Amino acid sequence: MRSEAGTGAALLDVYDRAVPQVYGYLYGRCRDVPTAEDLTSETLLAAVRAGKTSIPWMIGVARHKLVDHWRRRARDERLVARIVDQPIAMDDPWAVRLDSLRVADVLARMGGHHRAALTLRYVDGLPVPEVAGVLGRTVHATEALLVRARAAFRKLYESGEGDD
Amino acid sequence: MTDRPDPFDALRRPVVPLAPRPAFVASLRRRLQEELNMVPTDDQTAGGAGAAGAAGAAQLVMVHLRVGNADRAMAFFGALLDWQGERVEFEDHVSYYTTNTETTVRMLDDPGAPAVVPNYGVADVGAVVQAIGAAGGQVTQGEPNPDGSGWARGTDDQGLPLLVFRPGRHYESAPPTREATGEVGLVFLREDAARAERFYGPVLGWQLSRSDPASHYFDAVPKVGIFDEAAAFGHEVEPDATLYLSVDALAPALARVEELGGQAGPGAQDMGPYFSARCTDDQGTEFGLIATTLEGPPDTS
């Protein structure tokens with residue numbers, strides 16, 4: 001393995017420092033230790049094989065792998081049809097101050113496509129065209145997905161409030 | 001439509017570094033070494049719990065926690081976290097060393113001891129003793145041996161206590177009979193981060209990192225973080241160390257603290273990748289709890 005970073009030991013040192021960053025990104029979004037560990041391994045191995053040492057590059061790879069994971073899970077759970085069949089809800093203004101302590105739990109209960117869209121758009125703060133790029137959708141389709149995802153999030157969030 | 005802020009903006013989360021399980025890090029490191037055509041060595045596991053992390057950096061292997069009565073403390077934390085421990089009497093003091101946690105916790109009833117003392121595994125105690133002095137710290141007690149083994153305790157250059165020793169097979173405790181439900185999650189050091197980097201860099205090989213250039217929280221090594229509160233809030237802060245214990249879910253653990261006669265803190269804080277709360281046990285010993293979820297594992301159905 002050759003790279004600008006030099007020897008294997010120097011590379012390993014770089015990857016040692018990258019692991020908490022990549023794992024922190026993944027776990028902060030999926031809240032599942034096995035998933036975060038699997039995707040961290042895949043990301044770091046991809047970096048080694050590509051000779052990449054940039055942490056932002058690794059975070060980008062981790063983001064794609066997380067979306068792929070959610071996409072597979074959505075497919076496995078046969079959520080795709082449900083999502084596609086749902087009518088586009090009105091994206092009416094929602095005057096609420098979200099309780100940040102509950103946000104992660106609500107996101108964790110969402111289907112893969114909705115969770116991926118909301119995570120990329122709001123948790124990561126990506127603009128809609130970049131969300132579309134990661135999801136492999138058109139901007140218009142992504143906007144529609146975000147409308148549905150917001151509505152689904154709101155429904156879950158509000159139903160949770162009633163349970164308290 | 002509306003000029004009110006979008007509530008979804010509250011979902012924004014920066015990338016916050018998080019130390020994975022040491023066993024996972026060690027396993028991943030071996031795979032990376034294989035990919036890099038390096039021969040995996042055992043030096044990453046020679047330091048006991050310090051298996052993972054930056055090569056050469058001293059890792060956290062034990063934490064001393066000052067308690068009121070050690071027997072009561074063992075009963076409290078045993079009931080709270082399923083800890084098991086071994087009772088040791090030495091120089092008029094009673095200690096319990098946990099035997100079923102990955103990072104050992106020593107609960108010590110010495111009122112003259114610091115509240116929390118992180119213990120780091122090092123390869124050469126004598127060299128570290130010299131480095132502590134050269135970096136402005138103090139060594140107050142120790143037994144460094146010529147072969148690098150031994151131990152030493154003291155303070156860093158800001159007065160925070162630390163203890164270093166070379167891990168080894170000094171003593172075989174009775175095997176545990178149950179799994180702990182709570183672990184050492186984080187030793188949270190509040191002190192000047194720039195000074196800490198100048199001290200711990202040459203002494204323990206640490207290189208501090210942070211996820212955001214604007215952040216005042218720095219990761220040192222797994223389970224050790226430094227928060228520069230003075231820089232964050234612009235007021236004087238007395239350096240101190242707090243032991244945070246990690247649990248599966250925060251709310252049930254806080255309820256259990258109260259059931260056992262302790263006090264749960266004023267409320268859970270969302271720290272990004274985890275939630276945290278300050279607590280005291282039934283004798284007033286301060287500690288913190290951290291968890292990745294509030295109520296329990298997320299429902300993935």
# chains A, B, ... in the order shown; residues from 1 in each chain; ligands from 1
call {"tool": "residues_around", "arguments": {"residues": "Gly78 in chain B", "least_positions_apart": "3", "cutoff": "12 Å", "atoms": "only C-alpha atoms", "output": "ChimeraX atom specification"}}
result
/B:70-75,81-86,96-101,105,107,178-183,256-257,260,281
call {"tool": "residues_around", "arguments": {"residues": "range 39-47 of chain A", "least_positions_apart": "2", "cutoff": "8 Å", "atoms": "only C-alpha atoms", "output": "CSV table (one decimal) with N, CA and C atoms, in the first residue's frame"}}
result
chain,number,residue,atom,x,y,z
A,15,TYR,N,-5.7,6.2,10.9
A,15,TYR,CA,-7.0,5.5,11.0
A,15,TYR,C,-7.4,5.3,12.4
A,19,VAL,N,-11.3,6.5,13.6
A,19,VAL,CA,-12.3,5.5,14.0
A,19,VAL,C,-13.4,6.2,14.9
A,22,VAL,N,-15.6,8.4,12.7
A,22,VAL,CA,-16.6,7.7,11.8
A,22,VAL,C,-17.6,7.0,12.7
A,23,TYR,N,-17.2,6.3,13.7
A,23,TYR,CA,-18.1,5.6,14.6
A,23,TYR,C,-19.1,6.6,15.2
A,26,LEU,N,-21.7,7.6,12.7
A,26,LEU,CA,-22.7,6.5,12.4
A,26,LEU,C,-23.6,6.3,13.6
A,35,THR,N,-24.8,-2.1,14.0
A,35,THR,CA,-24.8,-1.4,12.7
A,35,THR,C,-23.7,-0.4,12.6
A,36,ALA,N,-23.5,0.4,13.7
A,36,ALA,CA,-22.4,1.4,13.7
A,36,ALA,C,-21.0,0.7,13.5
A,37,GLU,N,-20.9,-0.4,14.2
A,37,GLU,CA,-19.6,-1.1,14.1
A,37,GLU,C,-19.4,-1.7,12.7
A,49,ARG,N,-8.2,0.7,1.4
A,49,ARG,CA,-8.1,0.1,0.0
A,49,ARG,C,-7.9,1.2,-1.0
A,50,ALA,N,-8.6,2.4,-0.7
A,50,ALA,CA,-8.5,3.5,-1.6
A,50,ALA,C,-7.3,4.4,-1.3
A,51,GLY,N,-6.6,4.1,-0.3
A,51,GLY,CA,-5.4,5.0,0.1
A,51,GLY,C,-5.8,6.4,0.6
A,52,LYS,N,-7.0,6.5,1.1
A,52,LYS,CA,-7.6,7.8,1.5
A,52,LYS,C,-7.3,8.0,3.0
A,53,THR,N,-6.9,9.2,3.4
A,53,THR,CA,-6.7,9.5,4.8
A,53,THR,C,-7.6,10.6,5.3
A,58,MET,N,-14.0,10.0,4.6
A,58,MET,CA,-14.6,8.8,5.3
A,58,MET,C,-16.0,9.0,5.8
A,61,VAL,N,-18.2,8.5,2.9
A,61,VAL,CA,-18.4,7.1,2.6
A,61,VAL,C,-19.4,6.5,3.7
A,62,ALA,N,-19.2,6.9,4.9
A,62,ALA,CA,-20.0,6.4,6.0
A,62,ALA,C,-21.5,6.8,5.8
A,65,LYS,N,-23.0,4.6,3.2
A,65,LYS,CA,-23.2,3.2,3.7
A,65,LYS,C,-24.4,3.2,4.6
A,66,LEU,N,-24.6,4.2,5.4
A,66,LEU,CA,-25.7,4.3,6.3
A,66,LEU,C,-27.0,4.3,5.5
B,28,LEU,N,-10.9,-4.4,14.7
B,28,LEU,CA,-10.8,-3.6,13.4
B,28,LEU,C,-9.3,-3.2,13.1
B,32,LEU,N,-7.2,-3.8,9.8
B,32,LEU,CA,-6.5,-2.7,9.0
B,32,LEU,C,-5.0,-3.0,8.9
B,35,GLU,N,-4.7,-5.4,6.1
B,35,GLU,CA,-4.9,-4.7,4.8
B,35,GLU,C,-3.6,-3.9,4.4
call {"tool": "atom_distance", "arguments": {"atom1": "CA of Arg72 in chain A", "atom2": "CA of Ala149 in chain A"}}
result
17.5 Å
call {"tool": "closest_residue", "arguments": {"among": "A:Ile55, A:Val106, A:Asp38, A:His64", "to": "Glu130 in chain A", "atoms": "only C-alpha atoms"}}
result
A:His64
call {"tool": "select_by_dssp", "arguments": {"residues": "range 3-251 of chain B", "states": "strand (DSSP E)", "output": "MDAnalysis selection string"}}
result
chainID B and resid 59:66 85:90 93:98 104:108 116:121 138:144 150:155 161:165 182:190 217:221 224:227 240:249
call {"tool": "residues_around", "arguments": {"residues": "Trp206 in chain B", "least_positions_apart": "5", "cutoff": "8 Å", "atoms": "only C-alpha atoms", "output": "ChimeraX atom specification"}}
result
/B:57-58,197,200-201,220-221
call {"tool": "residues_around", "arguments": {"residues": "Tyr122 in chain A", "least_positions_apart": "2", "cutoff": "12 Å", "atoms": "only C-alpha atoms", "output": "list in words"}}
result
Arg29, Val103, Leu107, His114, Arg115, Ala116, Ala117, Leu118, Thr119, Leu120, Asp124, Gly125, Leu126, Pro127, Val128, Val131, Leu146, Ala149 and Arg150 of chain A; Asp6, Pro7, Phe8, Asp9, Ala10, Leu11, Arg12, Arg13 and Pro14 of chain B
